[in-house]
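**Q** Supplied structure: my_file29.cif, mmCIF, C-alpha atoms.
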```cif
data_model
loop_
_atom_site.group_PDB
_atom_site.id
_atom_site.type_symbol
_atom_site.label_atom_id
_atom_site.label_comp_id
_atom_site.auth_asym_id
_atom_site.auth_seq_id
_atom_site.Cartn_x
_atom_site.Cartn_y
_atom_site.Cartn_z
ATOM 1 C CA MET T 18 118.137 90.421 106.682
ATOM 2 C CA GLY T 19 120.740 93.121 106.632
ATOM 3 C CA GLN T 20 122.264 96.075 108.320
ATOM 4 C CA LYS T 21 121.142 99.611 107.865
ATOM 5 C CA GLU T 22 122.306 102.893 109.241
ATOM 6 C CA ILE T 23 119.406 104.827 110.758
ATOM 7 C CA ALA T 24 119.920 108.068 112.693
ATOM 8 C CA GLY T 25 123.661 107.433 112.964
ATOM 9 C CA LYS T 26 123.310 103.935 114.362
ATOM 10 C CA THR T 27 123.801 100.645 112.547
ATOM 11 C CA VAL T 28 120.842 98.358 113.168
ATOM 12 C CA SER T 29 119.648 94.977 111.896
ATOM 13 C CA VAL T 30 116.636 95.142 109.615
ATOM 14 C CA ASN T 31 114.693 92.665 107.490
ATOM 15 C CA GLU T 32 114.143 93.065 103.745
ATOM 16 C CA GLU T 33 111.165 95.362 104.374
ATOM 17 C CA GLY T 34 113.049 97.620 106.746
ATOM 18 C CA TYR T 35 111.568 96.403 110.040
ATOM 19 C CA LEU T 36 114.026 96.272 112.918
ATOM 20 C CA THR T 37 114.789 92.666 113.803
ATOM 21 C CA ILE T 38 116.369 93.379 117.192
ATOM 22 C CA HIS T 39 114.039 95.581 119.190
ATOM 23 C CA GLU T 40 116.759 96.438 121.727
ATOM 24 C CA GLU T 41 118.537 98.412 119.005
ATOM 25 C CA TRP T 42 115.582 100.812 118.770
ATOM 26 C CA ASN T 43 115.663 104.321 120.183
ATOM 27 C CA LYS T 44 113.607 107.480 119.755
ATOM 28 C CA GLU T 45 115.963 108.981 117.166
ATOM 29 C CA ILE T 46 115.591 105.861 115.039
ATOM 30 C CA ALA T 47 111.804 106.155 115.384
ATOM 31 C CA ALA T 48 111.939 109.762 114.197
ATOM 32 C CA ALA T 49 114.117 108.824 111.209
ATOM 33 C CA ILE T 50 111.848 105.926 110.155
ATOM 34 C CA ALA T 51 108.820 108.217 110.507
ATOM 35 C CA VAL T 52 110.337 110.672 108.037
ATOM 36 C CA GLU T 53 111.245 107.822 105.686
ATOM 37 C CA GLU T 54 107.648 106.521 105.845
ATOM 38 C CA GLY T 55 106.234 109.945 105.045
ATOM 39 C CA ILE T 56 104.755 110.491 108.498
ATOM 40 C CA GLY T 57 106.939 113.477 109.314
ATOM 41 C CA GLU T 58 107.562 114.749 112.806
ATOM 42 C CA LEU T 59 106.309 112.480 115.597
ATOM 43 C CA LYS T 60 103.861 114.194 117.937
ATOM 44 C CA GLU T 61 102.118 113.220 121.150
ATOM 45 C CA GLY T 62 99.393 111.271 119.315
ATOM 46 C CA HIS T 63 101.964 109.201 117.446
ATOM 47 C CA TRP T 64 103.878 108.425 120.619
ATOM 48 C CA LYS T 65 100.730 107.237 122.378
ATOM 49 C CA VAL T 66 100.298 104.610 119.654
ATOM 50 C CA ILE T 67 103.987 103.685 119.535
ATOM 51 C CA GLU T 68 104.200 103.238 123.291
ATOM 52 C CA PHE T 69 101.033 101.156 123.374
ATOM 53 C CA LEU T 70 102.369 98.867 120.641
ATOM 54 C CA GLN T 71 105.638 98.419 122.506
ATOM 55 C CA LYS T 72 103.863 97.671 125.779
ATOM 56 C CA GLU T 73 101.645 95.073 124.093
ATOM 57 C CA PHE T 74 104.599 93.545 122.296
ATOM 58 C CA LYS T 75 106.496 93.225 125.541
ATOM 59 C CA GLU T 76 103.536 91.554 127.238
ATOM 60 C CA ASN T 77 102.335 89.285 124.429
ATOM 61 C CA GLY T 78 105.237 88.964 122.013
ATOM 62 C CA THR T 79 103.101 90.141 119.084
ATOM 63 C CA VAL T 80 101.944 93.413 117.614
ATOM 64 C CA PRO T 81 98.283 93.953 118.628
ATOM 65 C CA SER T 82 95.493 94.277 116.067
ATOM 66 C CA LEU T 83 94.363 97.728 115.025
ATOM 67 C CA ARG T 84 91.089 97.118 116.820
ATOM 68 C CA ARG T 85 92.977 96.452 120.026
ATOM 69 C CA VAL T 86 94.857 99.731 119.654
ATOM 70 C CA THR T 87 91.438 101.390 119.439
ATOM 71 C CA LYS T 88 89.747 99.464 122.248
ATOM 72 C CA ALA T 89 92.512 98.916 124.781
ATOM 73 C CA GLY T 90 94.868 101.678 123.662
ATOM 74 C CA GLY T 91 92.116 104.283 123.481
ATOM 75 C CA VAL T 92 93.034 105.716 120.084
ATOM 76 C CA PRO T 93 90.006 106.098 117.760
ATOM 77 C CA THR T 94 90.170 104.513 114.294
ATOM 78 C CA LYS T 95 89.943 107.928 112.613
ATOM 79 C CA ASP T 96 92.947 109.204 114.571
ATOM 80 C CA LEU T 97 95.010 106.135 113.732
ATOM 81 C CA TYR T 98 94.497 106.739 110.030
ATOM 82 C CA ALA T 99 95.162 110.456 110.467
ATOM 83 C CA PHE T 100 98.410 109.885 112.389
ATOM 84 C CA PHE T 101 99.739 107.154 110.111
ATOM 85 C CA PRO T 102 98.211 107.658 106.663
ATOM 86 C CA GLY T 103 98.690 104.835 104.200
ATOM 87 C CA GLY T 104 99.062 102.053 106.763
ATOM 88 C CA PRO T 105 98.249 102.758 110.413
ATOM 89 C CA LEU T 106 99.420 99.491 111.922
ATOM 90 C CA LYS T 107 102.237 98.676 109.541
ATOM 91 C CA LYS T 108 103.816 102.102 109.730
ATOM 92 C CA SER T 109 103.405 102.544 113.472
ATOM 93 C CA SER T 110 104.908 99.087 114.103
ATOM 94 C CA LYS T 111 107.862 99.880 111.898
ATOM 95 C CA ILE T 112 108.461 103.176 113.684
ATOM 96 C CA ALA T 113 108.100 101.422 117.041
ATOM 97 C CA GLY T 114 110.908 99.054 116.052
ATOM 98 C CA LEU T 115 108.625 96.013 116.072
ATOM 99 C CA LEU T 116 107.921 93.211 113.632
ATOM 100 C CA LYS T 117 105.474 93.576 110.783
ATOM 101 C CA PRO T 118 101.938 92.966 112.098
ATOM 102 C CA ALA T 119 100.722 89.465 111.318
ATOM 103 C CA SER T 120 96.961 89.803 111.809
ATOM 104 C CA CYS T 121 94.283 90.417 109.163
ATOM 105 C CA VAL T 122 92.400 92.975 111.226
ATOM 106 C CA MET Y 257 105.001 95.622 101.541
ATOM 107 C CA ALA Y 258 107.557 97.415 99.432
ATOM 108 C CA GLU Y 259 106.199 100.009 97.002
ATOM 109 C CA THR Y 260 106.140 98.569 93.521
ATOM 110 C CA LYS Y 261 104.664 99.653 90.224
ATOM 111 C CA ASP Y 262 102.039 96.954 90.497
ATOM 112 C CA ALA Y 263 100.784 97.804 93.992
ATOM 113 C CA ILE Y 264 96.988 97.862 94.189
ATOM 114 C CA LYS Y 265 95.739 101.407 94.797
ATOM 115 C CA LYS Y 266 91.984 101.069 94.764
ATOM 116 C CA ILE Y 267 89.389 98.330 95.158
ATOM 117 C CA SER Y 268 85.631 98.134 94.883
ATOM 118 C CA LEU Y 269 83.931 95.278 96.672
ATOM 119 C CA VAL Y 270 80.473 93.988 95.865
ATOM 120 C CA CYS Y 271 78.879 92.415 98.943
ATOM 121 C CA SER Y 272 75.963 90.407 97.574
ATOM 122 C CA LYS Y 273 75.227 87.702 100.123
ATOM 123 C CA GLY Y 274 73.414 87.897 103.419
ATOM 124 C CA SER Y 275 74.214 85.777 106.500
ATOM 125 C CA LEU Y 276 77.348 86.044 108.575
ATOM 126 C CA ASP Y 277 79.510 83.921 106.309
ATOM 127 C CA GLY Y 278 78.274 85.871 103.299
ATOM 128 C CA ILE Y 279 79.080 89.304 104.697
ATOM 129 C CA TYR Y 280 82.323 88.909 106.660
ATOM 130 C CA PRO Y 281 84.656 88.217 103.721
ATOM 131 C CA ALA Y 282 83.803 91.570 102.137
ATOM 132 C CA LEU Y 283 84.255 93.437 105.430
ATOM 133 C CA ILE Y 284 87.563 91.770 106.282
ATOM 134 C CA MET Y 285 88.916 92.429 102.811
ATOM 135 C CA ALA Y 286 87.733 96.047 102.895
ATOM 136 C CA ASN Y 287 89.251 96.745 106.288
ATOM 137 C CA GLY Y 288 92.469 94.966 105.379
ATOM 138 C CA ALA Y 289 92.729 97.061 102.245
ATOM 139 C CA ARG Y 290 92.378 100.302 104.201
ATOM 140 C CA MET Y 291 95.107 99.077 106.544
ATOM 141 C CA GLU Y 292 97.378 98.821 103.493
ATOM 142 C CA GLY Y 293 96.490 102.326 102.389
ATOM 143 C CA ILE Y 294 94.280 101.099 99.552
ATOM 144 C CA GLU Y 295 91.221 103.175 98.618
ATOM 145 C CA VAL Y 296 88.036 101.164 99.290
ATOM 146 C CA SER Y 297 84.375 101.234 98.288
ATOM 147 C CA ILE Y 298 81.817 98.588 99.174
ATOM 148 C CA PHE Y 299 78.653 98.251 97.125
ATOM 149 C CA PHE Y 300 76.019 96.340 99.100
ATOM 150 C CA THR Y 301 73.438 94.551 97.010
ATOM 151 C CA PHE Y 302 70.644 92.008 97.516
ATOM 152 C CA PHE Y 303 70.879 90.352 100.929
ATOM 153 C CA GLY Y 304 74.386 91.702 101.409
ATOM 154 C CA MET Y 305 72.505 94.901 102.193
ATOM 155 C CA ASP Y 306 71.492 93.426 105.559
ATOM 156 C CA ALA Y 307 74.955 94.469 106.765
ATOM 157 C CA ILE Y 308 74.033 98.163 106.511
ATOM 158 C CA THR Y 309 70.285 97.940 107.250
ATOM 159 C CA LYS Y 310 69.636 99.273 110.761
ATOM 160 C CA LYS Y 311 66.950 96.712 111.600
ATOM 161 C CA LYS Y 312 69.022 93.759 110.448
ATOM 162 C CA MET Y 313 72.697 94.480 111.005
ATOM 163 C CA ASN Y 314 72.576 93.405 114.659
ATOM 164 C CA LYS Y 315 70.852 90.119 113.963
ATOM 165 C CA ILE Y 316 72.903 88.546 111.200
ATOM 166 C CA LYS Y 317 73.434 84.835 111.700
ATOM 167 C CA ILE Y 318 75.444 82.106 110.146
ATOM 168 C CA ALA Y 319 73.449 79.858 107.803
ATOM 169 C CA THR Y 320 73.305 76.353 109.258
ATOM 170 C CA VAL Y 321 70.963 75.043 106.568
ATOM 171 C CA GLY Y 322 72.077 74.706 102.975
ATOM 172 C CA ASN Y 323 75.643 75.577 103.922
ATOM 173 C CA PRO Y 324 77.822 72.592 103.003
ATOM 174 C CA GLY Y 325 80.869 74.296 104.491
ATOM 175 C CA MET Y 326 79.385 73.886 107.954
ATOM 176 C CA GLY Y 327 79.587 70.096 107.662
ATOM 177 C CA MET Y 328 76.242 69.921 109.439
ATOM 178 C CA PRO Y 329 73.379 67.700 108.249
ATOM 179 C CA THR Y 330 70.381 69.760 107.080
ATOM 180 C CA TRP Y 331 68.053 68.233 109.710
ATOM 181 C CA LEU Y 332 70.443 69.262 112.466
ATOM 182 C CA GLY Y 333 70.952 72.765 111.107
ATOM 183 C CA ALA Y 334 67.189 73.215 110.953
ATOM 184 C CA ILE Y 335 66.663 72.666 114.698
ATOM 185 C CA PRO Y 336 65.372 75.918 116.212
ATOM 186 C CA GLY Y 337 68.190 77.871 117.803
ATOM 187 C CA MET Y 338 70.938 76.038 115.924
ATOM 188 C CA SER Y 339 71.793 79.021 113.753
ATOM 189 C CA ALA Y 340 71.842 81.322 116.789
ATOM 190 C CA MET Y 341 74.105 78.942 118.684
ATOM 191 C CA ALA Y 342 76.548 78.534 115.807
ATOM 192 C CA THR Y 343 76.601 82.324 115.456
ATOM 193 C CA TRP Y 344 77.252 82.763 119.157
ATOM 194 C CA MET Y 345 80.093 80.249 119.154
ATOM 195 C CA MET Y 346 81.714 81.764 116.108
ATOM 196 C CA GLY Y 347 81.271 85.239 117.590
ATOM 197 C CA LYS Y 348 83.264 84.263 120.654
ATOM 198 C CA THR Y 349 86.132 82.968 118.544
ATOM 199 C CA MET Y 350 86.072 86.009 116.309
ATOM 200 C CA ASP Y 351 86.133 88.360 119.265
ATOM 201 C CA LYS Y 352 89.283 86.650 120.490
ATOM 202 C CA LEU Y 353 90.838 87.250 117.078
ATOM 203 C CA ASP Y 354 89.723 90.878 117.278
ATOM 204 C CA ILE Y 355 87.273 90.506 114.416
ATOM 205 C CA PRO Y 356 84.449 92.859 115.433
ATOM 206 C CA PRO Y 357 80.701 92.233 115.212
ATOM 207 C CA ILE Y 358 79.156 93.516 111.966
ATOM 208 C CA PRO Y 359 77.867 96.930 113.200
ATOM 209 C CA GLU Y 360 81.236 97.760 114.781
ATOM 210 C CA PHE Y 361 83.049 96.515 111.693
ATOM 211 C CA ILE Y 362 80.949 98.807 109.479
ATOM 212 C CA GLU Y 363 81.796 101.764 111.719
ATOM 213 C CA MET Y 364 85.476 100.807 111.738
ATOM 214 C CA ILE Y 365 85.679 100.616 107.928
ATOM 215 C CA HIS Y 366 83.839 103.921 107.625
ATOM 216 C CA ASP Y 367 86.142 105.617 110.148
ATOM 217 C CA ALA Y 368 89.102 104.169 108.275
ATOM 218 C CA GLY Y 369 87.943 106.061 105.197
ATOM 219 C CA GLY Y 370 86.163 103.232 103.375
ATOM 220 C CA LYS Y 371 83.045 104.299 101.439
ATOM 221 C CA LEU Y 372 79.814 102.345 101.781
ATOM 222 C CA TYR Y 373 77.072 102.350 99.166
ATOM 223 C CA ALA Y 374 73.674 100.707 98.754
ATOM 224 C CA CYS Y 375 72.460 99.298 95.454
ATOM 225 C CA LYS Y 376 69.582 101.203 93.864
ATOM 226 C CA ALA Y 377 67.931 98.164 92.279
ATOM 227 C CA THR Y 378 67.760 96.377 95.639
ATOM 228 C CA VAL Y 379 66.587 99.514 97.441
ATOM 229 C CA ASP Y 380 63.724 99.842 94.956
ATOM 230 C CA MET Y 381 62.923 96.155 95.113
ATOM 231 C CA PHE Y 382 62.710 96.040 98.907
ATOM 232 C CA GLY Y 383 61.095 99.483 99.172
ATOM 233 C CA LEU Y 384 63.885 100.954 101.313
ATOM 234 C CA THR Y 385 65.067 104.549 101.819
ATOM 235 C CA MET Y 386 68.264 106.095 103.208
ATOM 236 C CA ASP Y 387 66.510 106.142 106.612
ATOM 237 C CA ASP Y 388 66.667 102.362 106.697
ATOM 238 C CA PHE Y 389 70.459 102.400 106.549
ATOM 239 C CA CYS Y 390 73.066 103.041 109.212
ATOM 240 C CA PRO Y 391 74.553 106.567 109.118
ATOM 241 C CA GLN Y 392 77.849 105.305 107.686
ATOM 242 C CA VAL Y 393 76.218 104.688 104.288
ATOM 243 C CA GLU Y 394 77.278 107.360 101.804
ATOM 244 C CA LYS Y 395 74.445 107.033 99.308
ATOM 245 C CA VAL Y 396 72.376 104.837 97.042
ATOM 246 C CA LEU Y 397 74.055 104.115 93.734
ATOM 247 C CA THR Y 398 72.958 102.741 90.404
ATOM 248 C CA VAL Y 399 75.153 100.081 88.845
ATOM 249 C CA GLY Y 400 76.328 102.728 86.403
ATOM 250 C CA ASP Y 401 77.351 105.061 89.238
ATOM 251 C CA PHE Y 402 79.206 102.172 90.844
ATOM 252 C CA TYR Y 403 81.249 101.472 87.730
ATOM 253 C CA GLU Y 404 81.931 105.157 87.331
ATOM 254 C CA LEU Y 405 83.325 105.562 90.837
ATOM 255 C CA SER Y 406 85.266 102.325 90.433
ATOM 256 C CA ALA Y 407 87.397 103.803 87.657
ATOM 257 C CA GLY Y 408 90.919 102.475 88.085
ATOM 258 C CA ALA Y 409 89.853 100.018 90.795
ATOM 259 C CA GLU Y 410 90.005 96.258 91.028
ATOM 260 C CA ILE Y 411 86.417 95.012 91.396
ATOM 261 C CA ILE Y 412 85.917 92.088 93.763
ATOM 262 C CA PHE Y 413 82.615 90.237 93.974
ATOM 263 C CA THR Y 414 81.770 88.413 97.186
#
```
Would you write the structure of this file as structure tokens?
**A**
Amino acid sequence: MGQKEIAGKTVSVNEEGYLTIHEEWNKEIAAAIAVEEGIGELKEGHWKVIEFLQKEFKENGTVPSLRRVTKAGGVPTKDLYAFFPGGPLKKSSKIAGLLKPASCV
Amino acid sequence: MAETKDAIKKISLVCSKGSLDGIYPALIMANGARMEGIEVSIFFTFFGMDAITKKKMNKIKIATVGNPGMGMPTWLGAIPGMSAMATWMMGKTMDKLDIPPIPEFIEMIHDAGGKLYACKATVDMFGLTMDDFCPQVEKVLTVGDFYELSAGAEIIFT
């Protein structure tokens, strides 16, 4: 656990860089983490995933599985990997200011 | 996970066993690897090939006979319908955990960029052709081809 300055704001993060207090998240922070994770500029497709993750997290207290993002969130598997190469669920959760996903699928 | 020098970059899985409990471990590990950005190939061989065979992939059941892990006496496991029922019950639980049925899982891994291959020796032995496989299968490989494309990969046998 520690503090980190992202997009001009000091936020609490864990050792892997995930925000530990979701209320500290904002869109500028998301954009900065996206650049750091090699995703680049966030576009409409990215935001659809990020917003779905946040909605699910609010309702269930956990990050949904990737399959749920596909089925209930309506984002095809191929798109998820294209939007967030190198770790679709991990990277999108981090950008969304949520905890690291804890499911195996 | 933080980027380290030792991070796994590429894996090749050998899926050699049929039945639900034989096939799922390979699929879960393959999908999980893609989710971590790891390059994945799965080489299906012997009865593991049922997972990619059009006529069989929808009907794969858990083995209730000769499966000590089930904790079920052989006579009970042999009752007609027992395997189907155990499969159905497990399927319900897996669906809750968002573990997809085998055909959907195959599609998911393929769409995630995982490469699926069939084993030439088994194809020849069972008299199969590419037409017998689901469209997600890349091609039929010899063992030599498999090792060649696994250069730099960790090979995992299931």
**Q** Tell me the residues of chain Y close to chain T, meaning within 12 Å using all atoms listed in the file, as number ranges by chain.
**A** Y: 257-259, 265, 280-281, 283-295, 350-357, 360-370
**Q** Expressed in Å to a single decimal, how great is the separation between CA of Leu276 in chain Y and CA of Thr385 in chain Y?
**A**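 Interatomic distance, CA of Leu276 in chain Y to CA of Thr385 in chain Y: 23.2 Å.
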**Q** Show me as a list in words the residues that reach within 6 Å of (84.4, 103.3, 100.1), counting only C-alpha atoms and using the file's own coordinates.
**A**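 Answer for this query, in the requested form: Val296, Ser297, Ile298, Gly370, Lys371 and Leu372 of chain Y.
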**Q** Check what the PyMOL selection byres ((chain T and resi 61-71) around 9) selects in the file above and give those residues as a list in words.
**A**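 Checking the PyMOL selection byres ((chain T and resi 61-71) around 9) against this file, the residues are Leu59, Lys60, Lys72, Glu73, Phe74, Lys75, Glu76, Thr79, Val80, Pro81, Val86, Ala89, Gly90, Val92, Asp96, Leu97, Phe100, Phe101, Ser109, Ser110, Ile112, Ala113, Gly114 and Leu115 of chain T.
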**Q** Please evaluate the PyMOL selection byres ((chain T and resi 44-47) around 9) against the displayed coordinates and give the resulting residues as a VMD selection string.
**A** chain T and resid 23 to 26 41 to 43 48 to 52 59 111 to 114
**Q** Let me know the centre plus edge lengths, in Å and rounded to one decimal, of a box with edges along x, y and z that contains all listed atoms of range 313-316 of chain Y and is padded by 3 Å on every side, as lines of an AutoDock Vina configuration file.
**A**
```
center_x = 71.9
center_y = 91.5
center_z = 112.8
size_x = 8.1
size_y = 11.9
size_z = 9.7
```
**Q** What is the distance between CA of Met381 in chain Y and CA of Met305 in chain Y, in Å to one decimal?
**A**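 Here the two named atoms are 12.0 Å from each other.
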**Q** Which neighbours of Trp331 in chain Y fall inside 12 Å, counting all atoms listed in the file, when residues of the same chain fewer than 6 positions from it are skipped, and could you give them as a PyMOL selection string?
**A** chain Y and resi 320-322+338
**Q** Please indicate the distance in Å from CA of Ala342 in chain Y to CA of Asn314 in chain Y, rounded to one decimal place.
**A**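 According to the coordinates, CA of Ala342 in chain Y and CA of Asn314 in chain Y are separated by 15.4 Å.
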**Q** Could you list, as a PyMOL selection string, every residue within 10 Å of Val30 in chain T, counting only C-alpha atoms and ignoring same-chain residues fewer than 4 positions away?
**A** chain T and resi 18-22+34-39+114+116
**Q** Give the answer as one residue: which of Y:Thr378, Y:Thr349, Y:Asn323, Y:Ser275 has the shortest atom-to-atom distance to Leu397 in chain Y, using all atoms listed in the file?
**A**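 Nearest to Leu397 in chain Y: Y:Thr378.
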**Q** For the PyMOL selection byres ((chain Y and resi 309) around 10), applied here, can you spell out every residue it catches as a ChimeraX atom specification?
**A** /Y:303-308,310-314,359,374,384,386-391,393
**Q** Write out as a PDB file with C-alpha atoms, keeping the file's coordinate frame the residues lying within 6 Å of Ile267 in chain Y, counting only C-alpha atoms and excluding same-chain residues fewer than 6 positions away.
**A**
```
ATOM      1  CA  VAL Y 296      88.036 101.164  99.290  1.00  0.00           C
ATOM      2  CA  ALA Y 409      89.853 100.018  90.795  1.00  0.00           C
ATOM      3  CA  GLU Y 410      90.005  96.258  91.028  1.00  0.00           C
ATOM      4  CA  ILE Y 411      86.417  95.012  91.396  1.00  0.00           C
TER       5      ILE Y 411
END
```
